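K.L.:
Contents of work01.json (JSON, C-alpha atoms) are given next:
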[["chain", "number", "residue", "atom", "x", "y", "z"],
["A", 1, "MET", "CA", 0.42, -27.65, 7.32],
["A", 2, "LYS", "CA", 4.17, -26.92, 7.05],
["A", 3, "GLU", "CA", 4.03, -27.44, 3.30],
["A", 4, "LEU", "CA", 1.09, -25.06, 3.00],
["A", 5, "LEU", "CA", 2.91, -22.39, 5.02],
["A", 6, "LYS", "CA", 6.07, -22.89, 2.98],
["A", 7, "LYS", "CA", 4.13, -22.62, -0.27],
["A", 8, "HIS", "CA", 2.56, -19.30, 0.79],
["A", 9, "GLU", "CA", 5.53, -17.97, 2.75],
["A", 10, "SER", "CA", 6.06, -14.82, 0.68],
["A", 11, "LYS", "CA", 2.33, -14.04, 0.70],
["A", 12, "LEU", "CA", 2.25, -14.29, 4.50],
["A", 13, "ARG", "CA", 5.32, -12.05, 4.83],
["A", 14, "PHE", "CA", 3.76, -9.63, 2.34],
["A", 15, "ALA", "CA", 0.55, -9.58, 4.40],
["A", 16, "PHE", "CA", 2.53, -8.83, 7.57],
["A", 17, "ILE", "CA", 4.53, -6.02, 5.95],
["A", 18, "GLY", "CA", 1.34, -4.81, 4.32],
["A", 19, "GLY", "CA", -0.32, -4.62, 7.73],
["A", 20, "VAL", "CA", 2.52, -2.60, 9.21],
["A", 21, "ASN", "CA", 2.69, -0.43, 6.13],
["A", 22, "THR", "CA", -1.07, 0.13, 6.21],
["A", 23, "ALA", "CA", -0.90, 1.15, 9.88],
["A", 24, "ILE", "CA", 1.79, 3.69, 9.01],
["A", 25, "ASP", "CA", -0.27, 4.96, 6.06],
["A", 26, "PHE", "CA", -3.58, 5.17, 7.94],
["A", 27, "GLY", "CA", -1.98, 6.68, 11.05],
["A", 28, "ILE", "CA", -0.35, 9.50, 9.13],
["A", 29, "LEU", "CA", -3.43, 10.05, 6.92],
["A", 30, "PHE", "CA", -5.80, 10.47, 9.85],
["A", 31, "LEU", "CA", -3.31, 12.51, 11.88],
["A", 32, "LEU", "CA", -2.81, 14.99, 9.04],
["A", 33, "ASN", "CA", -6.50, 15.06, 8.12],
["A", 34, "GLY", "CA", -7.35, 15.63, 11.80],
["A", 35, "LEU", "CA", -4.95, 18.58, 11.80],
["A", 36, "GLY", "CA", -6.99, 20.09, 8.95],
["A", 37, "LEU", "CA", -4.96, 19.07, 5.90],
["A", 38, "ASN", "CA", -6.98, 18.21, 2.77],
["A", 39, "LYS", "CA", -7.66, 14.44, 2.68],
["A", 40, "TYR", "CA", -6.14, 14.00, -0.80],
["A", 41, "ILE", "CA", -2.93, 15.86, 0.10],
["A", 42, "ALA", "CA", -2.78, 13.98, 3.42],
["A", 43, "ASN", "CA", -3.12, 10.73, 1.45],
["A", 44, "ILE", "CA", -0.19, 11.62, -0.81],
["A", 45, "ILE", "CA", 2.00, 12.39, 2.22],
["A", 46, "SER", "CA", 0.96, 9.28, 4.15],
["A", 47, "THR", "CA", 1.49, 6.99, 1.18],
["A", 48, "SER", "CA", 4.88, 8.56, 0.47],
["A", 49, "VAL", "CA", 6.16, 7.75, 3.96],
["A", 50, "ALA", "CA", 4.72, 4.25, 3.73],
["A", 51, "PHE", "CA", 6.37, 3.89, 0.31],
["A", 52, "VAL", "CA", 9.89, 4.21, 1.68],
["A", 53, "PHE", "CA", 9.20, 1.67, 4.44],
["A", 54, "SER", "CA", 7.57, -0.68, 1.94],
["A", 55, "PHE", "CA", 10.52, -0.77, -0.47],
["A", 56, "PHE", "CA", 13.07, -1.80, 2.11],
["A", 57, "ALA", "CA", 10.79, -4.16, 4.05],
["A", 58, "ASN", "CA", 9.48, -5.97, 0.96],
["A", 59, "ARG", "CA", 12.88, -6.17, -0.67],
["A", 60, "SER", "CA", 14.68, -7.62, 2.33],
["A", 61, "PHE", "CA", 11.96, -9.41, 4.32],
["A", 62, "THR", "CA", 9.10, -10.36, 2.01],
["A", 63, "PHE", "CA", 10.92, -11.37, -1.17],
["A", 64, "LYS", "CA", 14.47, -11.69, 0.24],
["A", 65, "SER", "CA", 15.86, -10.25, -2.96],
["A", 66, "LYS", "CA", 19.58, -10.28, -3.61],
["A", 67, "LYS", "CA", 19.50, -8.14, -6.75],
["A", 68, "ASP", "CA", 20.94, -4.65, -6.77],
["A", 69, "ALA", "CA", 18.44, -2.37, -5.02],
["A", 70, "ARG", "CA", 19.19, 0.42, -7.48],
["A", 71, "LYS", "CA", 17.88, -1.76, -10.32],
["A", 72, "GLN", "CA", 14.69, -2.48, -8.39],
["A", 73, "ALA", "CA", 14.00, 1.07, -7.27],
["A", 74, "ILE", "CA", 12.54, 2.39, -10.55],
["A", 75, "PRO", "CA", 10.22, -0.58, -11.22],
["A", 76, "PHE", "CA", 9.15, -0.45, -7.55],
["A", 77, "LEU", "CA", 8.51, 3.27, -7.88],
["A", 78, "VAL", "CA", 6.39, 2.83, -11.02],
["A", 79, "VAL", "CA", 4.33, -0.08, -9.64],
["A", 80, "THR", "CA", 3.82, 1.45, -6.21],
["A", 81, "LEU", "CA", 3.07, 4.99, -7.31],
["A", 82, "THR", "CA", 0.59, 3.74, -9.90],
["A", 83, "GLY", "CA", -1.18, 1.88, -7.09],
["A", 84, "LEU", "CA", -0.97, 4.78, -4.65],
["A", 85, "TRP", "CA", -1.49, 7.83, -6.80],
["A", 86, "VAL", "CA", -3.64, 6.43, -9.61],
["A", 87, "LEU", "CA", -5.58, 3.41, -8.31],
["A", 88, "GLN", "CA", -6.10, 4.62, -4.72],
["A", 89, "PRO", "CA", -7.50, 8.07, -5.59],
["A", 90, "ILE", "CA", -9.84, 6.49, -8.15],
["A", 91, "VAL", "CA", -11.07, 3.94, -5.60],
["A", 92, "ILE", "CA", -11.34, 6.56, -2.83],
["A", 93, "TRP", "CA", -13.27, 8.93, -5.08],
["A", 94, "THR", "CA", -15.65, 6.26, -6.42],
["A", 95, "THR", "CA", -16.17, 4.84, -2.93],
["A", 96, "LEU", "CA", -16.88, 8.26, -1.40],
["A", 97, "LEU", "CA", -19.50, 9.14, -4.03],
["A", 98, "PRO", "CA", -22.27, 6.93, -2.61],
["A", 99, "LEU", "CA", -21.21, 7.59, 1.02],
["A", 100, "THR", "CA", -22.19, 11.25, 1.22],
["A", 101, "SER", "CA", -24.92, 10.63, 3.80],
["A", 102, "ILE", "CA", -22.64, 9.14, 6.49],
["A", 103, "ASP", "CA", -19.99, 10.74, 8.68],
["A", 104, "GLN", "CA", -17.12, 11.78, 6.43],
["A", 105, "ASN", "CA", -14.43, 10.28, 8.71],
["A", 106, "ILE", "CA", -16.17, 6.90, 8.51],
["A", 107, "ALA", "CA", -16.62, 7.34, 4.76],
["A", 108, "LEU", "CA", -12.93, 8.18, 4.35],
["A", 109, "PHE", "CA", -11.95, 5.12, 6.40],
["A", 110, "ILE", "CA", -14.12, 2.83, 4.25],
["A", 111, "ALA", "CA", -12.83, 4.40, 1.04],
["A", 112, "LYS", "CA", -9.20, 4.20, 2.14],
["A", 113, "LEU", "CA", -9.63, 0.57, 3.21],
["A", 114, "ALA", "CA", -11.10, -0.35, -0.19],
["A", 115, "ALA", "CA", -8.29, 1.53, -1.96],
["A", 116, "THR", "CA", -5.68, -0.22, 0.15],
["A", 117, "VAL", "CA", -7.03, -3.67, -0.70],
["A", 118, "VAL", "CA", -6.95, -2.87, -4.42],
["A", 119, "SER", "CA", -3.39, -1.55, -4.28],
["A", 120, "LEU", "CA", -2.17, -4.45, -2.10],
["A", 121, "ILE", "CA", -3.35, -6.97, -4.70],
["A", 122, "TRP", "CA", -1.84, -4.90, -7.51],
["A", 123, "ASN", "CA", 1.47, -4.59, -5.64],
["A", 124, "TYR", "CA", 1.86, -8.25, -4.70],
["A", 125, "ILE", "CA", 1.27, -9.46, -8.22],
["A", 126, "LEU", "CA", 3.69, -7.00, -9.82],
["A", 127, "TYR", "CA", 6.34, -7.14, -7.06],
["A", 128, "SER", "CA", 6.51, -10.93, -7.12],
["A", 129, "ARG", "CA", 6.50, -11.25, -10.91],
["A", 130, "PHE", "CA", 8.65, -8.28, -11.93],
["A", 131, "VAL", "CA", 10.18, -6.04, -9.30],
["A", 132, "PHE", "CA", 11.74, -8.48, -6.83],
["A", 133, "LYS", "CA", 11.96, -11.56, -9.02],
["A", 134, "ASP", "CA", 15.52, -12.91, -8.76]]
I need this file expressed as structure tokens, please.

P.N.:
Amino acid sequence: MKELLKKHESKLRFAFIGGVNTAIDFGILFLLNGLGLNKYIANIISTSVAFVFSFFANRSFTFKSKKDARKQAIPFLVVTLTGLWVLQPIVIWTTLLPLTSIDQNIALFIAKLAATVVSLIWNYILYSRFVFKD
């Protein structure tokens, strides 16, 4: 069991940080949307706040990178923003299309959850292989 945990240590840390990051993202999204802000604008704001947390938490805790953070910032920005502002809106939009007959808050939750899963997979693969690889 110890060997299995050791083998998947970075994935488990990534999952933990991802959970915290997702809570930040969802909390801000639904707060802003509940205050009447457009759901797509609210998503950009919520993901931006989560972005800053994610960089520092993944760099220091998940991947324990020792490289210069300034050299990692641009690749992190490109990978993360592609996931957040390209992949997520596409997944949210395509998920919301067939969900027009249910409550829109529930539909948004389902769509955001699907988008988050897609971007988490995208992020882990590219962070571990390119951004934070020492």

K.L.:
Which is closest to Ile24 in chain A among A:Leu126, A:Ala73, A:Ala50, A:Ala115, if we use all atoms listed in the file?

P.N.:
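Using all atoms listed in the file, Ile24 in chain A sits closest to A:Ala50.
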
K.L.:
With all atoms listed in the file as the atoms that count, which of A:Val131, A:Leu120, A:Ile17, A:Ala23 lies nearest to Thr62 in chain A?

P.N.:
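So, comparing all the options, the nearest one is A:Ile17.
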
K.L.:
Find the residues near Phe56 in chain A: any atom within 12 Å, counting all atoms listed in the file, skip ones fewer than 3 places away on the same chain, and give them as JSON, numbers by chain.

P.N.:
{"A": [17, 21, 49, 50, 51, 52, 53, 59, 60, 61, 62, 63, 64, 65, 69, 70, 72, 73, 76, 132]}

K.L.:
Give the answer as one residue: which of A:Lys2, A:Val91, A:Lys71, A:Ile28 has the shortest atom-to-atom distance to Ile44 in chain A, using only C-alpha atoms?

P.N.:
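The answer is A:Ile28, which sits nearest to Ile44 in chain A.
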
K.L.:
When you count only C-alpha atoms, which of these residues is closest to Pro89 in chain A: A:Ile74, A:Ile41, A:Glu9, A:Ser101?

P.N.:
A:Ile41

K.L.:
Between CA of Thr116 in chain A and CA of Phe55 in chain A, measure the distance and give it in Å to one decimal.

P.N.:
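Separation between CA of Thr116 in chain A and CA of Phe55 in chain A: 16.2 Å.
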
K.L.:
Using only C-alpha atoms for the distances, tell me which of A:Gly18, A:Met1, A:Gln104, A:Asp134 is nearest to Ser119 in chain A.

P.N.:
A:Gly18

K.L.:
Hey, can you check how far CA of Leu37 in chain A sits from CA of Ile92 in chain A?

P.N.:
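Between CA of Leu37 in chain A and CA of Ile92 in chain A the gap is 16.5 Å.
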
K.L.:
Name the closest residue to Leu113 in chain A among the candidates A:Thr95, A:Ser54, A:Ser128, A:Thr100; distances are taken between atoms, counting only C-alpha atoms.

P.N.:
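Comparing A:Thr95, A:Ser54, A:Ser128, A:Thr100 against Leu113 in chain A, the winner is A:Thr95.
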
K.L.:
Rounded to one decimal in Å, what is the spacing between CA of Tyr127 in chain A and CA of Leu77 in chain A?

P.N.:
10.7 Å

K.L.:
Excluding same-chain residues fewer than 2 positions from Asn33 in chain A, what lies within 12 Å of it counting all atoms listed in the file, as a ChimeraX atom specification?

P.N.:
/A:26-31,35-46,104-105,108-109

K.L.:
Keeping only C-alpha atoms, take the residues you just selected and write them out as a PDB file, in the frame of the given file.

P.N.:
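After the write, part09.pdb holds the following:
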ATOM      1  CA  PHE A  26      -3.580   5.170   7.940  1.00  0.00           C
ATOM      2  CA  GLY A  27      -1.980   6.680  11.050  1.00  0.00           C
ATOM      3  CA  ILE A  28      -0.350   9.500   9.130  1.00  0.00           C
ATOM      4  CA  LEU A  29      -3.430  10.050   6.920  1.00  0.00           C
ATOM      5  CA  PHE A  30      -5.800  10.470   9.850  1.00  0.00           C
ATOM      6  CA  LEU A  31      -3.310  12.510  11.880  1.00  0.00           C
ATOM      7  CA  LEU A  35      -4.950  18.580  11.800  1.00  0.00           C
ATOM      8  CA  GLY A  36      -6.990  20.090   8.950  1.00  0.00           C
ATOM      9  CA  LEU A  37      -4.960  19.070   5.900  1.00  0.00           C
ATOM     10  CA  ASN A  38      -6.980  18.210   2.770  1.00  0.00           C
ATOM     11  CA  LYS A  39      -7.660  14.440   2.680  1.00  0.00           C
ATOM     12  CA  TYR A  40      -6.140  14.000  -0.800  1.00  0.00           C
ATOM     13  CA  ILE A  41      -2.930  15.860   0.100  1.00  0.00           C
ATOM     14  CA  ALA A  42      -2.780  13.980   3.420  1.00  0.00           C
ATOM     15  CA  ASN A  43      -3.120  10.730   1.450  1.00  0.00           C
ATOM     16  CA  ILE A  44      -0.190  11.620  -0.810  1.00  0.00           C
ATOM     17  CA  ILE A  45       2.000  12.390   2.220  1.00  0.00           C
ATOM     18  CA  SER A  46       0.960   9.280   4.150  1.00  0.00           C
ATOM     19  CA  GLN A 104     -17.120  11.780   6.430  1.00  0.00           C
ATOM     20  CA  ASN A 105     -14.430  10.280   8.710  1.00  0.00           C
ATOM     21  CA  LEU A 108     -12.930   8.180   4.350  1.00  0.00           C
ATOM     22  CA  PHE A 109     -11.950   5.120   6.400  1.00  0.00           C
TER      23      PHE A 109
END
